[in-house]
>>> print(open('final_9.txt').read())   # compact mmCIF, C-alpha atoms
# COMPACT_ATOMS: atom_id res chain seq x y z
CA MET A 1 0.00 0.00 0.00
CA ASP A 2 1.28 3.47 -0.94
CA PHE A 3 0.95 6.00 1.88
CA ARG A 4 2.02 9.08 -0.08
CA THR A 5 1.33 10.82 -3.35
CA THR A 6 4.45 11.18 -5.48
CA ILE A 7 4.86 13.90 -8.07
CA HIS A 8 5.96 12.41 -11.37
CA THR A 9 7.95 14.89 -13.45
CA ARG A 10 8.95 14.26 -17.02
CA GLU A 11 12.20 12.50 -16.20
CA GLY A 12 14.16 11.92 -19.37
CA ASP A 13 13.55 15.46 -20.64
CA ASN A 14 17.27 16.03 -20.14
CA PHE A 15 17.90 19.23 -22.08
CA MET A 16 20.23 20.80 -19.49
CA ARG A 17 23.98 20.39 -19.39
CA HIS A 18 26.42 21.16 -16.60
CA SER A 19 28.25 23.43 -19.03
CA ASP A 20 25.15 25.55 -19.77
CA LYS A 21 24.68 29.17 -18.81
CA MET A 22 21.55 29.75 -16.75
CA MET A 23 19.59 32.50 -15.07
CA LEU A 24 17.04 32.40 -12.25
CA ILE A 25 14.72 35.23 -11.36
CA GLY A 26 11.84 35.71 -8.95
CA SER A 27 10.89 34.56 -5.45
CA CYS A 28 13.41 33.51 -2.81
CA PHE A 29 12.89 29.95 -4.04
CA SER A 30 15.02 31.10 -7.01
CA ASP A 31 17.73 31.92 -4.47
CA ASN A 32 17.41 28.39 -2.98
CA ILE A 33 17.86 26.56 -6.30
CA GLY A 34 20.32 29.20 -7.48
CA THR A 35 22.52 28.40 -4.49
CA LYS A 36 22.41 24.72 -5.44
CA LEU A 37 23.46 25.57 -9.00
CA LYS A 38 26.29 27.77 -7.71
CA ASP A 39 27.49 24.95 -5.46
CA ALA A 40 27.44 22.77 -8.59
CA MET A 41 29.68 25.43 -10.19
CA VAL A 42 27.20 26.13 -12.98
CA ASP A 43 27.61 29.49 -14.71
CA VAL A 44 24.42 31.03 -13.34
CA VAL A 45 23.09 34.51 -12.59
CA VAL A 46 20.56 34.57 -9.76
CA ASN A 47 18.09 37.40 -9.17
CA PRO A 48 19.95 40.33 -10.76
CA PHE A 49 17.33 42.68 -9.24
CA GLY A 50 17.29 40.82 -5.95
CA THR A 51 14.32 38.79 -4.76
CA ILE A 52 11.08 39.65 -6.57
CA PHE A 53 7.76 38.03 -5.75
CA ASN A 54 5.02 39.22 -8.09
CA PRO A 55 4.79 38.34 -11.81
CA LEU A 56 4.25 41.89 -13.07
CA SER A 57 7.50 43.08 -11.48
CA ILE A 58 9.33 39.98 -12.72
CA ALA A 59 8.13 40.64 -16.26
CA GLY A 60 9.19 44.28 -15.96
CA SER A 61 12.63 43.28 -14.73
CA LEU A 62 13.11 40.95 -17.69
CA HIS A 63 12.19 43.77 -20.08
CA LYS A 64 14.80 45.95 -18.40
CA ILE A 65 17.43 43.20 -18.74
CA ILE A 66 16.66 42.70 -22.44
CA ASP A 67 16.84 46.45 -23.05
CA GLY A 68 19.96 46.88 -20.93
CA GLU A 69 18.14 49.74 -19.23
CA VAL A 70 20.23 52.28 -17.33
CA ILE A 71 19.15 53.39 -13.85
CA ALA A 72 19.40 57.15 -13.25
CA GLY A 73 19.44 59.23 -10.11
CA ALA A 74 15.73 60.07 -10.50
CA ASP A 75 14.89 56.37 -10.14
CA LEU A 76 16.16 56.31 -6.55
CA PHE A 77 14.71 57.76 -3.37
CA LEU A 78 16.17 58.37 0.09
CA ALA A 79 14.45 56.65 3.00
CA ASN A 80 15.68 55.32 6.33
CA GLY A 81 19.18 56.62 5.60
CA VAL A 82 19.74 54.69 2.36
CA TRP A 83 19.10 55.20 -1.35
CA SER A 84 16.72 52.64 -2.80
CA CYS A 85 14.90 51.86 -6.03
CA TYR A 86 11.42 50.36 -6.21
CA ASP A 87 12.61 47.98 -8.95
CA PHE A 88 15.35 46.46 -6.78
CA HIS A 89 15.49 44.46 -3.57
CA SER A 90 16.81 46.20 -0.48
CA ARG A 91 20.17 44.41 -0.76
CA PHE A 92 20.97 46.95 -3.50
CA SER A 93 20.19 49.91 -1.20
CA MET A 94 23.18 51.92 -0.05
CA ALA A 95 23.96 55.07 1.89
CA ASN A 96 25.94 56.39 -1.08
CA LYS A 97 23.62 57.20 -3.99
CA ASP A 98 26.25 56.98 -6.74
CA ALA A 99 27.47 53.63 -5.42
CA ALA A 100 23.92 52.27 -5.39
CA ILE A 101 23.33 53.43 -8.98
CA GLU A 102 26.62 51.88 -10.09
CA ARG A 103 25.79 48.60 -8.41
CA MET A 104 22.32 48.42 -9.96
CA ASN A 105 23.53 49.30 -13.44
CA ARG A 106 26.37 46.79 -13.24
CA SER A 107 23.90 44.06 -12.31
CA ILE A 108 21.59 44.91 -15.23
CA ALA A 109 24.51 45.04 -17.69
CA GLU A 110 25.87 41.68 -16.52
CA ALA A 111 22.42 40.10 -16.72
CA HIS A 112 21.88 41.59 -20.21
CA ASP A 113 25.07 39.98 -21.51
CA HIS A 114 24.50 36.71 -19.65
CA LEU A 115 20.93 36.30 -20.89
CA ARG A 116 22.12 36.51 -24.50
CA GLY A 117 24.11 33.29 -24.05
CA CYS A 118 21.74 31.51 -21.65
CA THR A 119 20.17 28.17 -22.45
CA THR A 120 17.79 28.08 -19.48
CA LEU A 121 15.85 30.74 -17.59
CA VAL A 122 13.94 29.69 -14.47
CA ILE A 123 11.18 32.08 -13.38
CA THR A 124 9.68 31.55 -9.92
CA LEU A 125 6.45 33.37 -9.12
CA GLY A 126 5.75 33.92 -5.44
CA THR A 127 2.49 35.86 -5.14
CA ALA A 128 -0.17 37.45 -7.35
CA VAL A 129 -0.59 40.30 -4.85
CA VAL A 130 0.84 43.52 -6.26
CA TYR A 131 1.53 46.94 -4.78
CA ARG A 132 1.13 50.06 -6.94
CA ARG A 133 2.42 53.51 -6.14
CA ARG A 134 -0.43 55.94 -5.62
CA ASP A 135 1.50 58.79 -7.27
CA THR A 136 2.48 57.01 -10.51
CA GLY A 137 0.39 53.83 -10.68
CA GLU A 138 3.56 51.75 -11.18
CA VAL A 139 3.84 48.27 -9.69
CA VAL A 140 6.78 48.05 -7.28
CA SER A 141 9.04 45.07 -6.70
CA ASN A 142 9.80 46.12 -3.13
CA CYS A 143 8.12 48.66 -0.85
CA HIS A 144 11.33 49.28 1.14
CA LYS A 145 9.29 49.90 4.33
CA VAL A 146 7.78 53.04 2.81
CA PRO A 147 4.44 53.76 4.60
CA GLN A 148 1.67 51.55 3.25
CA GLN A 149 -0.59 54.51 2.53
CA GLU A 150 1.73 55.33 -0.38
CA PHE A 151 0.54 52.19 -2.21
CA THR A 152 -2.61 50.42 -3.29
CA ARG A 153 -2.65 46.66 -2.81
CA ARG A 154 -4.66 44.15 -4.83
CA LEU A 155 -4.64 40.69 -6.39
CA ALA A 156 -3.60 40.76 -10.06
CA SER A 157 -6.01 38.88 -12.32
CA VAL A 158 -5.20 35.77 -14.34
CA ASP A 159 -5.64 37.76 -17.57
CA GLU A 160 -3.40 40.58 -16.36
CA ILE A 161 -0.62 38.17 -15.40
CA THR A 162 -1.01 36.12 -18.58
CA GLU A 163 -0.74 39.25 -20.71
CA ALA A 164 2.40 40.47 -18.93
CA LEU A 165 4.14 37.08 -19.10
CA THR A 166 3.10 36.47 -22.71
CA ALA A 167 4.60 39.78 -23.80
CA VAL A 168 7.93 39.09 -22.12
CA MET A 169 8.08 35.48 -23.43
CA ALA A 170 7.84 36.80 -26.99
CA ARG A 171 10.64 39.27 -26.35
CA LEU A 172 12.83 36.65 -24.68
CA HIS A 173 12.51 34.32 -27.66
CA GLU A 174 13.38 37.17 -30.00
CA TYR A 175 16.38 38.15 -27.87
CA ASN A 176 17.71 34.58 -27.53
CA ASP A 177 16.03 31.93 -29.68
CA LYS A 178 18.07 29.17 -27.95
CA LEU A 179 16.54 29.96 -24.56
CA ARG A 180 14.33 27.47 -22.71
CA VAL A 181 12.12 28.93 -19.98
CA LEU A 182 10.92 27.04 -16.91
CA PHE A 183 8.23 28.46 -14.66
CA THR A 184 7.77 27.43 -11.06
CA VAL A 185 5.41 28.56 -8.33
CA SER A 186 7.19 29.12 -5.04
CA PRO A 187 6.13 26.72 -2.25
CA ILE A 188 6.80 29.50 0.25
CA ARG A 189 3.52 30.63 1.78
CA HIS A 190 2.76 34.34 2.03
CA ILE A 191 0.93 34.18 5.35
CA ALA A 192 1.05 37.95 5.85
CA ASP A 193 -1.77 38.11 3.30
CA GLY A 194 -3.72 35.41 5.15
CA LEU A 195 -3.91 31.75 4.21
CA GLU A 196 -7.07 32.19 2.15
CA MET A 197 -5.49 34.93 0.07
CA ASN A 198 -2.31 32.85 -0.24
CA SER A 199 -4.34 29.95 -1.70
CA LEU A 200 -6.15 32.25 -4.14
CA SER A 201 -2.86 33.88 -5.09
CA LYS A 202 -1.08 30.60 -5.80
CA ALA A 203 -4.05 29.32 -7.83
CA THR A 204 -4.05 32.54 -9.88
CA LEU A 205 -0.35 32.15 -10.63
CA ARG A 206 -0.76 28.50 -11.60
CA VAL A 207 -3.58 29.19 -14.06
CA ALA A 208 -1.69 32.10 -15.65
CA ILE A 209 1.44 29.95 -16.05
CA ASN A 210 -0.61 27.22 -17.68
CA ASN A 211 -1.93 29.77 -20.19
CA VAL A 212 1.59 30.86 -21.06
CA VAL A 213 2.97 27.31 -21.30
CA ARG A 214 0.19 26.33 -23.73
CA GLN A 215 0.93 29.34 -25.92
CA PHE A 216 4.74 28.86 -25.98
CA LYS A 217 4.95 25.10 -25.50
CA ASP A 218 7.96 24.79 -27.85
CA PHE A 219 10.29 26.54 -25.41
CA VAL A 220 8.36 27.13 -22.16
CA GLY A 221 7.66 24.52 -19.47
CA TYR A 222 6.67 24.12 -15.84
CA PHE A 223 8.50 22.49 -12.92
CA PRO A 224 6.16 21.49 -10.05
CA ALA A 225 8.12 22.74 -7.04
CA PHE A 226 4.91 23.93 -5.41
CA GLU A 227 3.18 20.58 -5.88
CA ILE A 228 6.20 18.65 -4.62
CA VAL A 229 6.00 20.44 -1.27
CA MET A 230 2.20 20.64 -1.04
CA ASP A 231 1.25 17.17 -2.33
CA ASP A 232 4.33 14.98 -2.00
CA LEU A 233 6.10 16.14 1.17
CA ARG A 234 2.96 17.72 2.74
CA ASP A 235 4.27 17.66 6.30
CA TYR A 236 5.41 20.44 8.62
CA ARG A 237 8.65 18.61 9.30
CA PHE A 238 9.67 19.71 5.80
CA TYR A 239 9.33 23.37 6.76
CA ALA A 240 11.77 25.66 8.53
CA ALA A 241 11.00 26.91 12.05
CA ASP A 242 8.84 29.74 10.66
CA MET A 243 6.44 27.18 9.14
CA VAL A 244 6.58 29.20 5.91
CA HIS A 245 9.83 28.40 4.12
CA PRO A 246 10.81 24.88 3.02
CA SER A 247 13.48 23.25 5.18
CA ASP A 248 16.94 22.39 3.90
CA VAL A 249 15.80 18.77 3.55
CA ALA A 250 12.85 19.84 1.37
CA ILE A 251 15.05 22.06 -0.79
CA GLU A 252 17.53 19.22 -1.27
CA TYR A 253 14.69 16.86 -2.23
CA ILE A 254 13.39 19.33 -4.82
CA TRP A 255 16.93 19.85 -6.11
CA GLN A 256 17.38 16.10 -6.61
CA ILE A 257 14.11 15.90 -8.57
CA PHE A 258 15.15 18.95 -10.60
CA GLN A 259 18.43 17.25 -11.51
CA ALA A 260 16.77 13.96 -12.43
CA THR A 261 14.25 15.76 -14.61
CA TYR A 262 16.48 18.10 -16.59
CA PHE A 263 20.17 17.10 -16.40
CA ASP A 264 21.70 14.17 -18.27
CA ASP A 265 23.69 11.49 -16.43
CA ARG A 266 27.08 12.95 -17.30
CA SER A 267 26.04 16.36 -15.95
CA THR A 268 24.67 14.79 -12.76
CA GLN A 269 28.04 13.13 -12.16
CA ALA A 270 29.85 16.43 -12.74
CA ILE A 271 27.45 18.21 -10.37
CA ALA A 272 28.18 15.69 -7.60
CA ARG A 273 31.93 16.21 -7.97
CA CYS A 274 31.62 19.99 -7.99
CA GLU A 275 29.34 19.96 -4.95
CA ARG A 276 31.96 18.04 -2.98
CA VAL A 277 34.62 20.59 -3.91
CA SER A 278 32.28 23.48 -3.05
CA LYS A 279 31.73 21.93 0.36
CA ARG A 280 35.50 21.74 0.81
CA LEU A 281 35.85 25.40 -0.21
CA LYS A 282 33.36 26.38 2.49
CA HIS A 283 35.08 24.30 5.15
CA ARG A 284 37.17 26.12 7.73
CA PRO A 285 39.90 24.03 9.39
CA MET A 286 39.50 23.75 13.15
CA SER A 287 43.24 23.70 13.75
CA ASN A 288 45.06 26.76 15.08
CA ASN A 289 48.29 25.53 13.55
CA PRO A 290 49.06 27.91 10.64
CA ASP A 291 50.99 25.19 8.81
CA VAL A 292 48.02 22.84 8.92
CA VAL A 293 45.67 25.59 7.72
CA ALA A 294 48.03 26.62 4.92
CA ARG A 295 48.43 23.02 3.81
CA PHE A 296 44.64 22.53 3.73
CA HIS A 297 44.14 25.63 1.59
CA ALA A 298 46.97 24.63 -0.75
CA ASP A 299 45.48 21.17 -1.17
CA THR A 300 42.07 22.67 -1.80
CA GLN A 301 43.41 24.97 -4.50
CA ALA A 302 45.11 21.99 -6.13
CA VAL A 303 41.78 20.13 -6.12
CA VAL A 304 40.06 23.16 -7.72
CA ALA A 305 42.79 23.45 -10.36
CA ASN A 306 42.40 19.78 -11.31
CA LEU A 307 38.63 20.19 -11.46
CA LYS A 308 38.99 23.17 -13.80
CA LYS A 309 41.18 21.09 -16.11
CA GLU A 310 38.42 18.52 -16.42
CA TYR A 311 35.58 21.05 -16.53
CA PRO A 312 37.08 24.28 -17.90
CA TYR A 313 33.67 25.98 -18.08
CA ILE A 314 32.91 25.80 -14.34
CA LYS A 315 32.21 28.92 -12.31
CA VAL A 316 33.87 28.80 -8.91
CA THR A 317 32.25 31.30 -6.56
CA ASP A 318 34.08 33.02 -3.72
CA ASN A 319 33.27 31.70 -0.27
>>> encode(input="final_9.txt", output="structure tokens")
Amino acid sequence: MDFRTTIHTREGDNFMRHSDKMMLIGSCFSDNIGTKLKDAMVDVVVNPFGTIFNPLSIAGSLHKIIDGEVIAGADLFLANGVWSCYDFHSRFSMANKDAAIERMNRSIAEAHDHLRGCTTLVITLGTAVVYRRRDTGEVVSNCHKVPQQEFTRRLASVDEITEALTAVMARLHEYNDKLRVLFTVSPIRHIADGLEMNSLSKATLRVAINNVVRQFKDFVGYFPAFEIVMDDLRDYRFYAADMVHPSDVAIEYIWQIFQATYFDDRSTQAIARCERVSKRLKHRPMSNNPDVVARFHADTQAVVANLKKEYPYIKVTDN
């Protein structure tokens, strides 16, 4: 007797390679899988605007990346002692305005160039709830703790989301006709909106994605991260202490399914080797003996050098 419902993905649809260039954008679930790809030393850009939750802002960010848009001083505002931009996550906010502008523009420029050579773009939608500025009517990616009375809040409709995503899919295919796009719905629950609104929001996202996938089925697909957590794992032991975010065990489980679904066997073997080296790079020797520490680091660099000889395309991130 089977006491669980298992999500069956299309295993064997192995169009990804360890040597591919990839990009992830959207909810913090993109950060979770993006971290896994970085540990696998894949050449990946993750959330060039920072974490973004709603589909209208995600679509807008992708338009900006395609256009290589330049952020100007007028796009920033000063609040709580730092300069911020409504299009960017707060990790881009800085006390120095020019430094913040430079950082934002560098991220857009790098993403613009990277997207041109990408083979896979993963878009994770978190919520259909959007915030619009009362003064301009623009949807914001991040409110930056600006008083709530400065915004109107509502649930975007299926048609509104479908239209925004359809428009950006067409532009993406024109910009890079080799690109494959994967949508996911984040399993992270937005309980600040209430559980009923969270359910309605996730359902809205899922229907809109289905509309887009049907229209662009030749290069757009869906990975069921949301369903894996809700219908396969479906237990609070697979959540972090906040009962909102998936636990490390859940993220690892999703990552393993993601690999089995999209990567070929050779890439999976390369990923395993790179993950072991990444773990070694993050390790800090417990010894206080400087000779022991120096020897460990020298050995680690030798391991990395040998790995680069075998996989010259790998991207080794600083730890």
>>> closest_residue(input="final_9.txt", among="A:Ala272, A:Arg237, A:Asp248, A:Thr300", to="A:His18", atoms="all atoms listed in the file")
A:Ala272
>>> closest_atom_pairs(input="final_9.txt", of="stretch 107-194 of chain A", to="stretch 61-85 of chain A", cutoff="7 Å", atoms="all atoms listed in the file", output="CSV")
residue,atom,partner,partner_atom,distance
A:Ile108,CA,A:Ile65,CA,5.7
A:Ala109,CA,A:Gly68,CA,5.9
A:Ala111,CA,A:Ile65,CA,6.2
A:His112,CA,A:Ile65,CA,5.0
A:Val168,CA,A:His63,CA,6.6
>>> axis_aligned_box(input="final_9.txt", around="stretch 304-310 of chain A", padding_each_side="6 Å", output="AutoDock Vina command-line options")
--center_x 40.6 --center_y 21.0 --center_z -12.1 --size_x 16.4 --size_y 16.9 --size_z 20.7
>>> residues_around(input="final_9.txt", residues="A:Asn47", least_positions_apart="5", cutoff="7 Å", atoms="only C-alpha atoms", output="VMD selection string")
chain A and resid 24 to 26
>>> atom_distance(input="final_9.txt", atom1="atom CA of A:Thr268", atom2="atom CA of A:Leu307")
15.0 Å
>>> atom_distance(input="final_9.txt", atom1="atom CA of A:Phe183", atom2="atom CA of A:Thr124")
5.8 Å
>>> closest_residue(input="final_9.txt", among="A:Gly50, A:Tyr253, A:His114, A:Pro55", to="A:Phe88", atoms="all atoms listed in the file")
A:Gly50
>>> closest_residue(input="final_9.txt", among="A:Ile58, A:Leu121, A:Val220, A:Ile161", to="A:Gly34", atoms="all atoms listed in the file")
A:Leu121
>>> closest_residue(input="final_9.txt", among="A:Cys274, A:Ile52, A:Met94, A:Val213", to="A:Cys143", atoms="all atoms listed in the file")
A:Ile52
>>> residues_around(input="final_9.txt", residues="stretch 224-235 of chain A", least_positions_apart="3", cutoff="6 Å", atoms="all atoms listed in the file", output="list in words")
Thr5, Thr6, Val185, Ser186, Pro187 and Phe238 of chain A
>>> closest_residue(input="final_9.txt", among="A:Ala95, A:Leu281, A:Val207, A:Ile257", to="A:Val316", atoms="all atoms listed in the file")
A:Leu281
>>> atom_distance(input="final_9.txt", atom1="atom CA of A:Glu252", atom2="atom CA of A:Ala128")
26.1 Å
>>> build_atoms(input="final_9.txt", residues="stretch 196-220 of chain A", atoms="N, CA and C atoms", output="tab-separated table (two decimals), in the frame of the given file")
chain	number	residue	atom	x	y	z
A	196	GLU	N	-6.10	32.23	3.23
A	196	GLU	CA	-7.07	32.19	2.15
A	196	GLU	C	-6.58	32.97	0.94
A	197	MET	N	-6.03	34.14	1.18
A	197	MET	CA	-5.49	34.93	0.07
A	197	MET	C	-4.29	34.24	-0.54
A	198	ASN	N	-3.46	33.59	0.28
A	198	ASN	CA	-2.31	32.85	-0.24
A	198	ASN	C	-2.77	31.76	-1.20
A	199	SER	N	-3.83	31.02	-0.84
A	199	SER	CA	-4.34	29.95	-1.70
A	199	SER	C	-4.87	30.52	-3.02
A	200	LEU	N	-5.62	31.61	-2.93
A	200	LEU	CA	-6.15	32.25	-4.14
A	200	LEU	C	-5.03	32.78	-5.03
A	201	SER	N	-4.01	33.34	-4.37
A	201	SER	CA	-2.86	33.88	-5.09
A	201	SER	C	-2.11	32.78	-5.84
A	202	LYS	N	-1.81	31.70	-5.16
A	202	LYS	CA	-1.08	30.60	-5.80
A	202	LYS	C	-1.88	30.00	-6.95
A	203	ALA	N	-3.20	29.86	-6.76
A	203	ALA	CA	-4.05	29.32	-7.83
A	203	ALA	C	-4.05	30.25	-9.04
A	204	THR	N	-4.09	31.56	-8.79
A	204	THR	CA	-4.05	32.54	-9.88
A	204	THR	C	-2.76	32.42	-10.67
A	205	LEU	N	-1.65	32.30	-9.97
A	205	LEU	CA	-0.35	32.15	-10.63
A	205	LEU	C	-0.31	30.88	-11.48
A	206	ARG	N	-0.83	29.79	-10.91
A	206	ARG	CA	-0.76	28.50	-11.60
A	206	ARG	C	-1.57	28.50	-12.88
A	207	VAL	N	-2.75	29.12	-12.86
A	207	VAL	CA	-3.58	29.19	-14.06
A	207	VAL	C	-2.91	30.07	-15.12
A	208	ALA	N	-2.36	31.20	-14.70
A	208	ALA	CA	-1.69	32.10	-15.65
A	208	ALA	C	-0.49	31.40	-16.30
A	209	ILE	N	0.29	30.68	-15.50
A	209	ILE	CA	1.44	29.95	-16.05
A	209	ILE	C	0.97	28.92	-17.07
A	210	ASN	N	-0.09	28.22	-16.75
A	210	ASN	CA	-0.61	27.22	-17.68
A	210	ASN	C	-1.00	27.86	-19.01
A	211	ASN	N	-1.59	29.05	-18.96
A	211	ASN	CA	-1.93	29.77	-20.19
A	211	ASN	C	-0.70	30.07	-21.03
A	212	VAL	N	0.36	30.50	-20.35
A	212	VAL	CA	1.59	30.86	-21.06
A	212	VAL	C	2.28	29.62	-21.63
A	213	VAL	N	2.34	28.55	-20.85
A	213	VAL	CA	2.97	27.31	-21.30
A	213	VAL	C	2.27	26.77	-22.55
A	214	ARG	N	0.94	26.82	-22.57
A	214	ARG	CA	0.19	26.33	-23.73
A	214	ARG	C	0.50	27.16	-24.96
A	215	GLN	N	0.70	28.47	-24.78
A	215	GLN	CA	0.93	29.34	-25.92
A	215	GLN	C	2.35	29.21	-26.46
A	216	PHE	N	3.33	28.93	-25.56
A	216	PHE	CA	4.74	28.86	-25.98
A	216	PHE	C	5.32	27.49	-25.66
A	217	LYS	N	4.57	26.45	-25.92
A	217	LYS	CA	4.95	25.10	-25.50
A	217	LYS	C	6.26	24.61	-26.12
A	218	ASP	N	6.71	25.23	-27.20
A	218	ASP	CA	7.96	24.79	-27.85
A	218	ASP	C	9.19	25.14	-27.03
A	219	PHE	N	9.10	26.17	-26.18
A	219	PHE	CA	10.29	26.54	-25.41
A	219	PHE	C	9.99	26.93	-23.97
A	220	VAL	N	8.74	26.77	-23.53
A	220	VAL	CA	8.36	27.13	-22.16
A	220	VAL	C	7.76	25.90	-21.47
